[in-house]
Each structure stands twice: as C-alpha cells, then as structure tokens.
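Have a look at final_36.cif; it's mmCIF, C-alpha atoms:
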```cif
data_data
loop_
_atom_site.label_atom_id
_atom_site.label_comp_id
_atom_site.auth_asym_id
_atom_site.auth_seq_id
_atom_site.Cartn_x
_atom_site.Cartn_y
_atom_site.Cartn_z
CA MET A 1 84.03 299.63 158.21
CA SER A 2 82.60 297.17 160.70
CA GLN A 3 79.01 296.57 161.68
CA ALA A 4 76.46 293.85 162.27
CA TRP A 5 75.73 293.20 158.60
CA THR A 6 72.61 291.88 157.04
CA ALA A 7 73.30 289.83 153.94
CA ASP A 8 71.61 292.37 151.66
CA ALA A 9 73.54 295.29 153.16
CA LEU A 10 76.89 293.51 152.81
CA ILE A 11 76.22 292.50 149.21
CA ALA A 12 75.12 296.04 148.34
CA THR A 13 78.26 297.52 149.92
CA VAL A 14 80.94 295.23 148.51
CA ARG A 15 82.44 296.05 145.10
CA CYS A 16 83.08 292.76 143.32
CA ASP A 17 85.40 292.40 140.33
CA ALA A 18 84.32 291.72 136.74
CA ASP A 19 83.78 288.06 137.62
CA GLY A 20 81.51 288.97 140.52
CA LEU A 21 84.13 288.00 143.11
CA VAL A 22 85.71 289.73 146.10
CA PRO A 23 88.78 288.57 148.08
CA CYS A 24 88.09 287.54 151.69
CA VAL A 25 90.86 287.65 154.27
CA CYS A 26 90.22 285.40 157.27
CA GLN A 27 91.81 286.60 160.51
CA HIS A 28 91.77 284.90 163.92
CA ALA A 29 89.45 287.05 166.03
CA ALA A 30 91.50 286.58 169.20
CA THR A 31 95.13 286.51 168.06
CA GLY A 32 95.03 288.58 164.87
CA GLU A 33 96.67 285.78 162.88
CA VAL A 34 95.94 285.78 159.16
CA LEU A 35 94.64 282.27 158.55
CA MET A 36 93.73 282.15 154.86
CA VAL A 37 92.51 284.12 151.86
CA ALA A 38 89.76 283.01 149.49
CA TRP A 39 87.15 284.40 147.12
CA ALA A 40 83.45 285.02 147.61
CA ASN A 41 80.56 285.96 145.35
CA ALA A 42 77.19 287.33 146.43
CA ASP A 43 75.83 283.88 147.25
CA ALA A 44 78.86 283.04 149.37
CA LEU A 45 78.56 286.34 151.24
CA ARG A 46 74.89 285.66 151.91
CA ARG A 47 75.55 282.15 153.20
CA THR A 48 78.35 283.44 155.40
CA VAL A 49 76.19 286.10 157.02
CA GLU A 50 73.11 283.91 157.40
CA GLY A 51 74.92 280.71 158.39
CA GLY A 52 77.62 282.15 160.62
CA THR A 53 80.43 280.12 159.04
CA ALA A 54 82.81 281.23 156.29
CA THR A 55 81.63 280.19 152.82
CA PHE A 56 83.51 280.92 149.61
CA TRP A 57 83.43 280.52 145.85
CA SER A 58 85.87 278.04 144.36
CA ARG A 59 87.25 279.45 141.10
CA SER A 60 88.78 276.08 140.16
CA ARG A 61 85.61 274.02 140.76
CA GLY A 62 83.09 276.73 139.92
CA GLU A 63 81.00 276.13 143.03
CA LEU A 64 80.28 277.35 146.54
CA TRP A 65 82.17 275.72 149.39
CA GLU A 66 81.74 276.07 153.11
CA LYS A 67 85.09 275.93 154.85
CA GLY A 68 85.18 272.76 156.95
CA ALA A 69 81.96 271.23 155.63
CA THR A 70 83.74 267.91 155.13
CA SER A 71 86.78 268.24 157.43
CA GLY A 72 85.01 269.88 160.34
CA ASN A 73 87.61 272.67 160.35
CA ARG A 74 85.10 275.48 160.13
CA LEU A 75 85.71 279.19 160.48
CA MET A 76 83.06 280.64 162.77
CA ILE A 77 82.30 284.27 161.97
CA GLU A 78 82.75 286.76 164.81
CA ALA A 79 82.71 289.98 162.77
CA ILE A 80 82.82 291.13 159.16
CA ARG A 81 84.69 294.22 158.00
CA VAL A 82 84.85 295.85 154.59
CA ASP A 83 87.91 297.90 153.64
CA CYS A 84 87.88 301.59 152.72
CA ASP A 85 87.47 300.87 148.99
CA ALA A 86 84.82 298.20 149.64
CA ASP A 87 86.72 295.77 147.42
CA THR A 88 88.10 293.46 150.12
CA VAL A 89 86.29 291.72 152.96
CA LEU A 90 87.81 290.78 156.31
CA TYR A 91 86.29 287.91 158.26
CA GLU A 92 87.21 287.87 161.93
CA VAL A 93 86.81 284.21 162.82
CA THR A 94 87.21 281.59 165.49
CA PRO A 95 88.74 278.54 163.80
CA GLU A 96 87.62 275.04 164.68
CA GLY A 97 90.78 273.14 163.86
CA ALA A 98 93.38 273.82 161.19
CA SER A 99 92.66 276.53 158.64
CA CYS A 100 94.99 275.28 155.88
CA HIS A 101 94.40 272.15 153.81
CA THR A 102 97.94 271.09 154.79
CA GLY A 103 96.87 270.80 158.41
CA SER A 104 98.62 274.00 159.45
CA ARG A 105 96.97 276.57 161.69
CA SER A 106 97.39 279.11 158.88
CA CYS A 107 98.00 279.03 155.14
CA PHE A 108 100.89 281.40 155.88
CA GLY A 109 102.70 279.03 158.25
CA GLU A 110 102.20 277.88 161.82
CA ASP A 111 102.67 281.34 163.33
CA GLY A 112 100.32 283.04 160.87
CA GLY A 113 102.00 286.39 161.45
CA GLY A 114 101.93 288.69 164.46
CA VAL A 115 104.15 288.80 167.53
CA LEU A 116 101.87 286.76 169.79
CA ALA A 117 101.36 284.06 167.18
CA LYS A 118 105.11 283.82 166.60
CA LEU A 119 105.74 283.65 170.33
CA ARG A 120 103.17 280.86 170.64
CA ALA A 121 104.86 278.95 167.82
CA THR A 122 108.25 279.32 169.52
CA ILE A 123 106.92 278.08 172.87
CA VAL A 124 105.24 275.08 171.24
CA GLU A 125 108.47 274.26 169.37
CA ARG A 126 110.34 274.19 172.69
CA VAL A 127 108.12 271.48 174.20
CA GLY A 128 110.42 268.47 174.62
CA ALA A 129 113.46 270.39 173.34
CA ASP A 130 116.92 270.19 174.93
CA ALA A 131 116.67 272.00 178.25
CA ALA A 132 120.39 272.77 178.15
CA GLU A 133 119.95 274.92 175.06
CA SER A 134 116.73 276.80 175.82
CA TYR A 135 115.39 278.68 178.85
CA THR A 136 111.85 278.09 177.59
CA ALA A 137 112.51 274.36 177.24
CA ARG A 138 113.85 274.28 180.82
CA LEU A 139 110.66 275.90 182.08
CA LEU A 140 108.45 273.55 180.07
CA GLY A 141 110.29 270.54 181.45
CA ALA A 142 110.28 271.74 185.05
CA PRO A 143 107.72 270.75 187.69
CA ARG A 144 104.51 272.75 187.39
CA ALA A 145 105.02 274.34 190.81
CA HIS A 146 108.30 275.82 189.60
CA VAL A 147 106.70 277.42 186.55
CA ALA A 148 103.74 278.71 188.58
CA ARG A 149 106.15 280.17 191.13
CA LYS A 150 107.99 281.93 188.32
CA VAL A 151 104.72 283.52 187.18
CA GLY A 152 104.17 284.69 190.76
CA GLU A 153 107.65 286.21 190.89
CA GLU A 154 107.02 288.10 187.65
CA ALA A 155 103.67 289.37 188.98
CA ALA A 156 105.41 290.65 192.12
CA GLU A 157 107.96 292.49 189.99
CA VAL A 158 105.13 294.15 188.08
CA LEU A 159 103.63 295.33 191.36
CA THR A 160 106.89 296.78 192.67
CA GLU A 161 108.27 298.35 189.48
CA GLU A 162 108.27 302.14 189.08
CA PRO A 163 104.84 303.25 187.80
CA GLY A 164 104.83 304.53 184.23
CA SER A 165 108.38 303.37 183.55
CA ALA A 166 109.86 301.47 180.63
CA ALA A 167 110.96 298.86 183.15
CA LEU A 168 107.32 298.31 184.12
CA VAL A 169 106.49 297.54 180.48
CA GLY A 170 109.33 295.03 180.41
CA GLU A 171 108.08 293.33 183.57
CA VAL A 172 104.57 293.06 182.14
CA ALA A 173 106.08 291.46 179.02
CA ASP A 174 107.89 288.95 181.25
CA LEU A 175 104.63 288.18 183.07
CA TRP A 176 102.79 287.60 179.80
CA PHE A 177 105.54 285.32 178.51
CA HIS A 178 105.77 283.20 181.63
CA SER A 179 101.97 282.93 181.81
CA MET A 180 101.97 281.62 178.23
CA VAL A 181 104.65 279.08 179.15
CA LEU A 182 102.59 277.94 182.16
CA LEU A 183 99.60 277.29 179.91
CA ALA A 184 101.78 275.33 177.48
CA ARG A 185 103.31 273.42 180.41
CA ASP A 186 99.76 272.31 181.28
CA GLY A 187 99.09 271.20 177.72
CA LEU A 188 96.97 274.23 176.85
CA ASP A 189 97.21 276.69 173.98
CA PRO A 190 99.60 279.44 175.15
CA LEU A 191 97.11 282.00 173.79
CA ALA A 192 93.99 280.40 175.26
CA ALA A 193 93.47 283.41 177.53
CA LEU A 194 92.94 285.62 174.47
CA GLU A 195 89.87 283.57 173.56
CA VAL A 196 88.47 284.22 177.03
CA LEU A 197 89.10 287.95 176.68
CA ARG A 198 87.50 287.97 173.22
CA ALA A 199 84.40 286.23 174.51
CA ARG A 200 84.14 288.60 177.46
CA HIS A 201 84.56 291.61 175.19
CA ALA A 202 81.83 290.30 172.89
CA ARG A 203 79.41 290.31 175.84
#
```
Transcribe the structure of this file into structure tokens.
Amino acid sequence: MSQAWTADALIATVRCDADGLVPCVCQHAATGEVLMVAWANADALRRTVEGGTATFWSRSRGELWEKGATSGNRLMIEAIRVDCDADTVLYEVTPEGASCHTGSRSCFGEDGGGVLAKLRATIVERVGADAAESYTARLLGAPRAHVARKVGEEAAEVLTEEPGSAALVGEVADLWFHSMVLLARDGLDPLAALEVLRARHAR
C-alpha cells in the first residue's frame, strides 16, 4: 500500500518483529534500482516521515542513524510503501551521492538491478574504452554532432515505422539507447531524464 503517511499512521500499520524492528528496502524513485536494505524501529520510522530523509536503527551500535548524516550521502524520501503483510517497508528515494558505504551507487553493485540500471552501467563502462571493440565506445568517442545526428536518425525511424508493430518497439528501444549515450557523451548521467520525468509526475 502507498499513501502520504503520517508518522503515527505508519507506525500503527507496520508489523515489527520481536525486537521492534522492520526491514526497509530503499529503491531509487526514478530508476527502480534497489540501493540498500536496513532496519528501522518506531523512532526511525517517525524521523524518516517527519524529516524527509531515511533514518534507520543500527543493530550493531544500538542507536538511530540517519543515512548520510556524516557523509552527506542522504536518501531523500519520495514515497513510502508497506507490503501486503505490513512487515516490510519500501522507501522510494532520491539518493544524494553513493548509497553504499563502499562508495558504490548500490549495496548490490553498480547497476543495482533492473534493465535500465544495467544499461547505464554498461554505457559508463564504455567511456574511454577501445572504440575498435565496442559500438558504444565508438559513439562515446565520436564528435558530439555525430552522436546527436544518430539520435535524430533513430527518431526519424520511429516516426516512419509501421504503427503498432514489433519493429516500432525496437526502434523506440534504439532511440532510448542512443539518447542515453548522448547524455553520457556530454558527461551527464545516462538516466538523468528519468529524474526529470519523476519530478514532473510528482507535480
């Protein structure tokens, strides 16, 4: 279930374990990447709702901790969901920096799971790679006008493909891919457009 929670309503809904804890899965609100998993008690849930940043309970230290309080790598809450059994909480977040203590985007690896996240990771890996061995690397190393022109060509193919066809879906996929490469070519996050869409949707 998803709603604009008050702290009291969330605490009353969630079923904590015998230690008063509930697992919290943190997911990138725009890309769907799973960033990290931690534990929360009632106080952590309250601070999360009221403060707008993910706060947890450290089982090893026996204390509350706000993610990023010292590193600056906060997880800004966009939405909170509770699963069907009310024994797991999902935080949809916008990360400010790395989510893992290792410096990785995600505690589950750089791609964090999901097709788009894996595609982003692949594109980023190709920056500076041998152009002779990778089409993506050739695009990333080409003049910007060439990459932009390629995006235009893919857009034209979308416009001229048979409506409702499988080929149209393939052309849209090509357009998405080449648009992501163009962003990376300009030094931007290949999935930066998803953040714009998320913000627009939130309005």
*Given the file shown, determine the residues that the PyMOL selection byres ((chain A and resi 89-94) around 6) selects; report them as a PyMOL selection string.*
chain A and resi 24-29+75-82+88+95
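Taking atom CA of A:Glu50 as the reference point, atom CA of A:Ser104 is found at 27.4 Å.
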*Would you mind telling me which residue in A:Val37, A:Val49, A:Leu21, A:Leu188 lies nearest to A:Val124 when using all atoms listed in the file?*
A:Leu188
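Distance-wise, atom CA of A:Asp43 and atom CA of A:Ser99 end up 21.6 Å apart.
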*Top pick for closest residue to A:Ala173, considering A:Val115, A:Val34, A:Ile11, A:Val127 and counting all atoms listed in the file*: A:Val115
*Taking the file as shown, find all residues satisfying the PyMOL selection byres ((chain A and resi 87) around 6) and write them as a list in words.*
Val14, Arg15, Asp85, Ala86 and Thr88 of chain A
For the residues in the current selection, export C-alpha atoms as a compact mmCIF listing (two decimals), keeping the file's coordinate frame.
```txt
# COMPACT_ATOMS: atom_id res chain seq x y z
CA VAL A 14 80.94 295.23 148.51
CA ARG A 15 82.44 296.05 145.10
CA ASP A 85 87.47 300.87 148.99
CA ALA A 86 84.82 298.20 149.64
CA THR A 88 88.10 293.46 150.12
```
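For the structure in this document, the set picked by the PyMOL selection byres ((chain A and resi 158) around 8) is Glu154, Ala155, Ala156, Glu157, Leu159, Thr160, Glu161, Leu168, Glu171, Val172 and Leu175 of chain A.
Proximity of A:Lys67, A:Arg120, A:His178, A:Arg47 to A:Leu10, computed with only C-alpha atoms, is greatest for A:Arg47.
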*Mind pulling up the distance from atom CA of A:Thr53 to atom CA of A:Asn41?*
14.9 Å
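Nearest to A:Cys100 of all the residues A:Leu45, A:Ala38, A:Gly114, A:Ala121 is A:Ala38, counting all atoms listed in the file.
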*Please provide the set of residues having any atom within 10 Å of A:Leu183, restricted to all atoms listed in the file, with same-chain residues fewer than 5 positions apart removed, written as number ranges by chain.*
A: 140, 147-148, 178, 188-193
